[in-house]
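Asker: Could you have a look at this structure, given as structure tokens, before my questions?
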Amino acid sequence: MELYNPIIEKAMSLGGASRPRRYAYDPRDAWPDTGAFELVMLRDAAYELGGGSHSAVNFTCVTSSPRLIDRDEILVYGPDLGEIEGDCDYARIALLRVGEIESDDETDTEQAYRAIQDMDFVKYHVFPKGYMIRTSAESSREQVRISREAIREGISFQRIGADFIRQYKKNSSVLNVKMLFITAPDGDYAGARQLAKSVKDITLSLTKIMEGMPTDCGSCQLKPICDEVEGMKELHFGKEKHTAQ
Amino acid sequence: MEHKTVILAVAGKGGVGKTSLSSAFVRLLTEAYPEKRILAIDADPAIGLSTALGVEVRETLDDIRKSIVASVEDGAPREAIELLSEARYRIFDTMVEGQAFSFLAIGRPESAGCYCKVNAYLKEVISLLSRDFDYVVIDGEAGIEQINRRVMEKVTHLVLVTDPSRKGTQVIDTIRRVADELVMYERCGTVVNRLTEAEMLSHIRMDAAELLAVIPSDGAHARNDIDGKSVFDLPEDSPIMAGARQALTKLGLLQE
């Protein structure tokens with residue numbers, strides 16, 4: 001699974017000039033999770049990550065490369081939750097390493113790709129206490145309201161990241177997770193938005209390929225994505241070959 | 001422990017004072033329970049509750065519904081969980097959040113006549129948000145439509161409002177009969193509003209539900225409306241506030 005590799009490599013340079021703070025994952029660090037949507041009213045909020053007209057980007061990439069993701073880790077670029085003083089730009093990027101998922105058996109491969117799509121949906125099942133996540137698939141935005149109480153109790157990206165990783169690792173296909181949180185004023189949020197769009201395009205193409213689509217590249221709306229993303233054409237025509245057999 | 005939300009809906013014929021009573025309920029609940037999460041929903045397409053509560057509406061539920069429908073029609077495949085998350089995302093952008101309460105308006109569909117789609121959406125929104133708030137007060141559309149379409153299915157406390165007219169009491173009789181079948185309410189009661197003479201009460205035939213309060217016609221309240229003032233500008237002892245307090249107390253939602 002190498003389709004997202006170029007995006008993962010670019011994602012590592014979105015955080016601005018400063019070095020990130022790095023935290024090894026320990027499930028015991030996970031911030032308490034309420035298990036259901038966590039409403040933080042405006043009156044109780046300290047601030048909103050990505051609030052108002054600020055950037056609020058999120059995307060999830062999958063690879064099977066241990067060169068790119070070799071451990072469970074949380075990387076924080078910019079001020080941590082206890083240091084932020086008002087609404088600010090924000091990006092959360094989840095990079096997942098899975099086992100080799102291509103298979104000679106077409107059914108196995110399809111199931112594996114559908115599992116990848118499901119991994120992105122983990123974000124809809126993470127409900128840290130005092131941390132209200134609002135996600136729009138339409139605009140690839142993820143805004144987060146943080147309660148004043150959570151700040152007082154010491155909420156941090158390390159602990160939120162641990163909650164996310166714990167949820168991702170409930171899926172046995174996920175070997176390692178790297179969680180990137182970006183709040184740095186010099187972060188490349190426009191670049192992050194561009195990468196989020198590329199991820200969305202690739203995932204949409206995968207879905208269409210799995211559903212079956214014409215092999216006439218000249219009439220296909222997804223041709224630019226296939227041209228740009230290494231491995232996409234092979235995947236598509238591999239699928240066609242299997243279907244024809 | 002399961003969170004139990006009080007969903008209080010106000011229903012009745014048009015022009016009987018549903019909006020005034022709903023806004024008085026919101027004020028009383030915010031004053032009695034300042035720490036609780038209170039949501040006011042203007043389910044009447046005329047959007048009068050916003051004025052009564054002094055809230056400025058920028059966007060409505062119908063705007064959200066239309067934009068989500070448009071995005072799905074654009075062809076991007078969407079899983080149910082994505083649509084749910086999208087709805088929640090947009091609802092919180094649309095909701096007016098104040099210090100004391102939050103506010104949502106159903107809005108007025110542009111196409112004339114049918115409110116079916118937005119009513120169906122309102123039903124889902126009530127279901128979605130009811131877990132997040134402690135009290136939800138709904139100012140219903142005039143007549144029986146929202147009860148009939150099960151929009152009010154999850155309402156726990158139903159208040160039927162009538163004026164002294166025969167037509168008003170007939171409407172609440174009908175609403176009560178239909179609600180018995182389609183609303184899972186725990187308590188239901190009637191408020192008689194705009195009574196001009198006390199002796200008229202004995203002539204009003206009311207079979208609908210327990211009488212919660214009788215509110216005399218109130219010139220000061222009418223003046224408040226004319227001046228565009230909100231319910232928060234009314235004196236505590238004004239007839240509408242006193243009647244609303246009595247109704248909530250009888251329903252067990254305020255202490256004596």
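Ordered as shown in the structure tokens, chains take letters A, B, and onward, while each chain numbers its residues from 1 and ligands are numbered from 1 in the order shown.
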Could you please select, counting only C-alpha atoms, the residues of chain B within 12 Å of chain A and state them as an NGL selection string?
Answerer: :B and (2-3 or 34-39 or 67-72 or 74-93 or 95-102 or 128-134)
Asker: Based on the selection just made, write C-alpha atoms of those residues as a CSV table (one decimal), in the first residue's frame.
Answerer:
chain,number,residue,atom,x,y,z
B,2,GLU,CA,-28.8,7.6,31.0
B,3,HIS,CA,-29.2,11.4,30.5
B,34,PRO,CA,-28.5,28.8,34.9
B,35,GLU,CA,-26.0,25.9,34.8
B,36,LYS,CA,-28.2,23.7,32.6
B,37,ARG,CA,-28.0,23.4,28.9
B,38,ILE,CA,-31.1,24.9,27.4
B,39,LEU,CA,-32.0,24.9,23.7
B,67,SER,CA,-26.8,22.3,1.4
B,68,ILE,CA,-26.4,18.7,2.6
B,69,VAL,CA,-28.9,17.5,0.0
B,70,ALA,CA,-27.0,19.5,-2.7
B,71,SER,CA,-23.7,18.0,-1.7
B,72,VAL,CA,-25.1,14.4,-1.9
B,74,ASP,CA,-23.3,16.4,-6.5
B,75,GLY,CA,-22.3,12.7,-6.5
B,76,ALA,CA,-19.8,12.4,-3.7
B,77,PRO,CA,-20.5,9.1,-2.0
B,78,ARG,CA,-21.3,9.6,1.7
B,79,GLU,CA,-21.7,7.0,4.4
B,80,ALA,CA,-24.4,7.5,7.1
B,81,ILE,CA,-21.9,8.4,9.7
B,82,GLU,CA,-20.4,11.1,7.5
B,83,LEU,CA,-23.8,12.7,6.9
B,84,LEU,CA,-24.5,12.6,10.6
B,85,SER,CA,-21.2,14.3,11.4
B,86,GLU,CA,-21.8,16.8,8.6
B,87,ALA,CA,-25.2,17.6,10.1
B,88,ARG,CA,-23.8,18.1,13.5
B,89,TYR,CA,-21.0,20.3,12.2
B,90,ARG,CA,-23.4,22.5,10.3
B,91,ILE,CA,-26.0,22.6,13.2
B,92,PHE,CA,-23.4,24.1,15.5
B,93,ASP,CA,-22.5,26.7,13.0
B,95,MET,CA,-27.0,27.5,16.3
B,96,VAL,CA,-27.0,30.8,18.1
B,97,GLU,CA,-25.2,30.2,21.4
B,98,GLY,CA,-25.8,32.6,24.2
B,99,GLN,CA,-24.7,32.6,27.8
B,100,ALA,CA,-28.1,31.4,29.0
B,101,PHE,CA,-29.5,29.4,26.1
B,102,SER,CA,-28.9,28.2,22.6
B,128,LEU,CA,-29.8,14.2,17.5
B,129,LEU,CA,-29.6,17.1,19.9
B,130,SER,CA,-31.9,16.0,22.6
B,131,ARG,CA,-29.0,14.0,24.2
B,132,ASP,CA,-26.8,17.0,24.3
B,133,PHE,CA,-29.1,19.4,26.2
B,134,ASP,CA,-30.9,19.3,29.5
Asker: Quick check for you: according to DSSP on this backbone, which residues of range 167-231 of chain B are classed as strand (DSSP E)? Reply as a PyMOL selection string.
Answerer: chain B and resi 187-195+210-216
Asker: Range 2-219 of chain B: which residues are helix (DSSP H, G or I) by DSSP, as a ChimeraX atom specification?
Answerer: /B:18-32,49-53,61-73,80-94,116-130,145-148,166-182,198-203,219
Asker: With C-alpha atoms retained, export the selected residues as a tab-separated table (two decimals), in the first residue's frame.
Answerer:
chain	number	residue	atom	x	y	z
B	18	LYS	CA	-47.63	30.02	21.52
B	19	THR	CA	-44.51	32.03	20.83
B	20	SER	CA	-45.02	34.33	23.82
B	21	LEU	CA	-45.52	31.35	26.09
B	22	SER	CA	-42.53	29.46	24.63
B	23	SER	CA	-40.27	32.46	25.15
B	24	ALA	CA	-41.54	32.84	28.73
B	25	PHE	CA	-40.75	29.16	29.33
B	26	VAL	CA	-37.20	29.69	28.04
B	27	ARG	CA	-36.70	32.71	30.27
B	28	LEU	CA	-38.01	30.91	33.37
B	29	LEU	CA	-35.88	27.81	32.76
B	30	THR	CA	-32.72	29.85	32.20
B	31	GLU	CA	-33.38	31.80	35.40
B	32	ALA	CA	-34.14	28.68	37.45
B	49	LEU	CA	-39.42	33.08	18.65
B	50	SER	CA	-36.12	34.70	17.75
B	51	THR	CA	-37.64	38.17	18.13
B	52	ALA	CA	-39.36	37.21	21.37
B	53	LEU	CA	-36.02	35.98	22.78
B	61	LEU	CA	-32.16	24.30	9.62
B	62	ASP	CA	-33.67	24.46	6.17
B	63	ASP	CA	-30.48	26.12	4.88
B	64	ILE	CA	-28.44	23.21	6.29
B	65	ARG	CA	-30.80	20.59	4.90
B	66	LYS	CA	-30.64	22.10	1.44
B	67	SER	CA	-26.85	22.34	1.38
B	68	ILE	CA	-26.40	18.73	2.55
B	69	VAL	CA	-28.90	17.51	-0.04
B	70	ALA	CA	-27.04	19.51	-2.70
B	71	SER	CA	-23.69	17.98	-1.72
B	72	VAL	CA	-25.10	14.45	-1.89
B	73	GLU	CA	-26.69	15.18	-5.25
B	80	ALA	CA	-24.40	7.54	7.06
B	81	ILE	CA	-21.85	8.42	9.74
B	82	GLU	CA	-20.36	11.13	7.51
B	83	LEU	CA	-23.78	12.66	6.91
B	84	LEU	CA	-24.52	12.58	10.61
B	85	SER	CA	-21.22	14.26	11.40
B	86	GLU	CA	-21.80	16.81	8.64
B	87	ALA	CA	-25.24	17.63	10.07
B	88	ARG	CA	-23.80	18.11	13.54
B	89	TYR	CA	-21.00	20.28	12.16
B	90	ARG	CA	-23.44	22.54	10.33
B	91	ILE	CA	-25.97	22.65	13.17
B	92	PHE	CA	-23.38	24.06	15.55
B	93	ASP	CA	-22.47	26.70	12.97
B	94	THR	CA	-26.15	27.58	12.64
B	116	CYS	CA	-42.58	17.94	4.73
B	117	LYS	CA	-38.86	17.74	4.06
B	118	VAL	CA	-37.78	20.30	6.59
B	119	ASN	CA	-40.17	18.82	9.14
B	120	ALA	CA	-38.62	15.39	8.59
B	121	TYR	CA	-35.20	16.96	9.06
B	122	LEU	CA	-36.36	18.77	12.20
B	123	LYS	CA	-37.45	15.45	13.67
B	124	GLU	CA	-33.93	14.04	13.15
B	125	VAL	CA	-32.35	17.18	14.59
B	126	ILE	CA	-34.51	16.98	17.72
B	127	SER	CA	-33.44	13.36	18.12
B	128	LEU	CA	-29.77	14.20	17.50
B	129	LEU	CA	-29.59	17.15	19.87
B	130	SER	CA	-31.86	15.98	22.64
B	145	GLU	CA	-49.04	19.08	11.01
B	146	GLN	CA	-45.91	18.59	13.15
B	147	ILE	CA	-47.73	16.27	15.54
B	148	ASN	CA	-49.18	14.31	12.64
B	166	ARG	CA	-64.27	27.63	20.14
B	167	LYS	CA	-61.92	27.15	17.21
B	168	GLY	CA	-58.91	27.34	19.54
B	169	THR	CA	-60.24	24.67	21.88
B	170	GLN	CA	-61.25	22.44	18.96
B	171	VAL	CA	-57.71	22.58	17.62
B	172	ILE	CA	-56.16	21.55	20.95
B	173	ASP	CA	-58.72	18.74	21.31
B	174	THR	CA	-57.60	17.42	17.93
B	175	ILE	CA	-53.91	17.85	18.76
B	176	ARG	CA	-54.37	15.95	22.02
B	177	ARG	CA	-56.16	13.06	20.29
B	178	VAL	CA	-53.44	12.71	17.66
B	179	ALA	CA	-50.65	13.22	20.21
B	180	ASP	CA	-52.02	10.36	22.29
B	181	GLU	CA	-51.16	8.11	19.35
B	182	LEU	CA	-47.99	9.71	18.04
B	198	ALA	CA	-62.58	35.84	34.10
B	199	GLU	CA	-66.17	34.65	33.99
B	200	MET	CA	-65.63	33.45	30.40
B	201	LEU	CA	-63.57	30.53	31.68
B	202	SER	CA	-66.63	28.63	32.93
B	203	HIS	CA	-68.08	28.75	29.40
B	219	GLY	CA	-51.79	45.11	27.19
Asker: One decimal, in Å: what's the spacing between CA of Asn58 in chain A and CA of Leu95 in chain A?
Answerer: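 Answer for the CA of Asn58 in chain A to CA of Leu95 in chain A separation: 11.0 Å.
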Asker: In terms of the shortest atom-to-atom distance over only C-alpha atoms, which of A:Gly130, A:Val98, A:Asp188, A:His54 is closest to Ser172 in chain A?
Answerer: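 The closest residue to Ser172 in chain A is A:Val98.
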Asker: How many Å lie between CA of Asp87 in chain A and CA of Tyr135 in chain B, rounded to one decimal?
Answerer: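 Result for CA of Asp87 in chain A versus CA of Tyr135 in chain B: 28.5 Å, one decimal.
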Asker: Range 12-16 of chain A: which residues within 9 Å, counting only C-alpha atoms, same-chain residues fewer than 3 positions away excluded, as a PyMOL selection string?
Answerer: chain A and resi 7-9+19-20+76-78+180-189+191-192
Asker: Keeping C-alpha atoms, export the residues of the selection given above as a CSV table (one decimal), in the first residue's frame.
Answerer:
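For reference, part28.csv as written:
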chain,number,residue,atom,x,y,z
A,7,ILE,CA,1.6,12.6,0.8
A,8,ILE,CA,2.9,11.1,4.0
A,9,GLU,CA,6.4,12.4,3.1
A,19,ARG,CA,11.2,20.9,15.7
A,20,PRO,CA,8.1,19.0,16.9
A,76,VAL,CA,3.2,18.3,18.3
A,77,TYR,CA,4.1,21.2,16.1
A,78,GLY,CA,3.5,24.5,17.9
A,180,LEU,CA,0.5,14.9,14.0
A,181,PHE,CA,-1.0,18.0,15.7
A,182,ILE,CA,-0.1,21.3,14.1
A,183,THR,CA,-0.9,24.7,15.8
A,184,ALA,CA,2.4,26.5,14.9
A,185,PRO,CA,1.7,30.0,13.5
A,186,ASP,CA,4.2,29.2,10.7
A,187,GLY,CA,2.5,25.9,9.8
A,188,ASP,CA,1.7,25.3,6.2
A,189,TYR,CA,-2.0,25.0,6.5
A,191,GLY,CA,-0.3,22.9,2.0
A,192,ALA,CA,-2.2,20.7,4.5
Asker: What lies within 7 Å of Gly107 in chain B using only C-alpha atoms, ignoring chain neighbours under 2 positions off, as a list of chain:residue names?
Answerer: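 Result of the neighbour search: B:Pro45, B:Ile47, B:Thr60, B:Leu61, B:Asp62, B:Ala105, B:Pro109.
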Asker: What does the file look like for those residues with C-alpha atoms, as a PDB file, in the first residue's frame?
Answerer:
ATOM      1  CA  PRO B  45     -41.578  28.819   9.804  1.00  0.00           C
ATOM      2  CA  ILE B  47     -39.570  32.615  12.942  1.00  0.00           C
ATOM      3  CA  THR B  60     -31.808  28.079   9.572  1.00  0.00           C
ATOM      4  CA  LEU B  61     -32.160  24.299   9.618  1.00  0.00           C
ATOM      5  CA  ASP B  62     -33.672  24.461   6.171  1.00  0.00           C
ATOM      6  CA  ALA B 105     -34.753  28.100  13.794  1.00  0.00           C
ATOM      7  CA  PRO B 109     -38.549  26.644   2.674  1.00  0.00           C
TER       8      PRO B 109
END
Asker: State, in Å with one decimal place, the distance from CA of Ile160 in chain A to CA of Ile74 in chain A.
Answerer: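 Atom-to-atom, CA of Ile160 in chain A and CA of Ile74 in chain A are spaced 9.2 Å apart.
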Asker: I need the residue nearest Val126 in chain A from this list: A:Ser65, A:Gln167, A:Thr203, A:Ser55. Use only C-alpha atoms for the distance.
Answerer: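 Smallest separation from Val126 in chain A among the options: A:Gln167.
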Asker: May I have the residues within 7 Å of Leu96 in chain A as a list in words, using only C-alpha atoms and disregarding those fewer than 3 positions away in the same chain?
Answerer: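 These residues fall inside the cut-off: Cys61, Val62, Thr63, Val174, Asn176, Val177 and Lys178 of chain A.
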Asker: For C-alpha atoms, I'd like the residues from the last selection saved as a PDB file, in the first residue's frame.
Answerer:
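Here's the written file part-v5.pdb:
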ATOM      1  CA  CYS A  61      -3.132   8.301   5.259  1.00  0.00           C
ATOM      2  CA  VAL A  62      -2.289   4.621   5.161  1.00  0.00           C
ATOM      3  CA  THR A  63       0.992   2.967   4.189  1.00  0.00           C
ATOM      4  CA  VAL A 174      -3.127  -1.207  12.133  1.00  0.00           C
ATOM      5  CA  ASN A 176       1.671   1.687  13.977  1.00  0.00           C
ATOM      6  CA  VAL A 177       0.162   5.166  14.167  1.00  0.00           C
ATOM      7  CA  LYS A 178       1.820   8.525  13.952  1.00  0.00           C
TER       8      LYS A 178
END
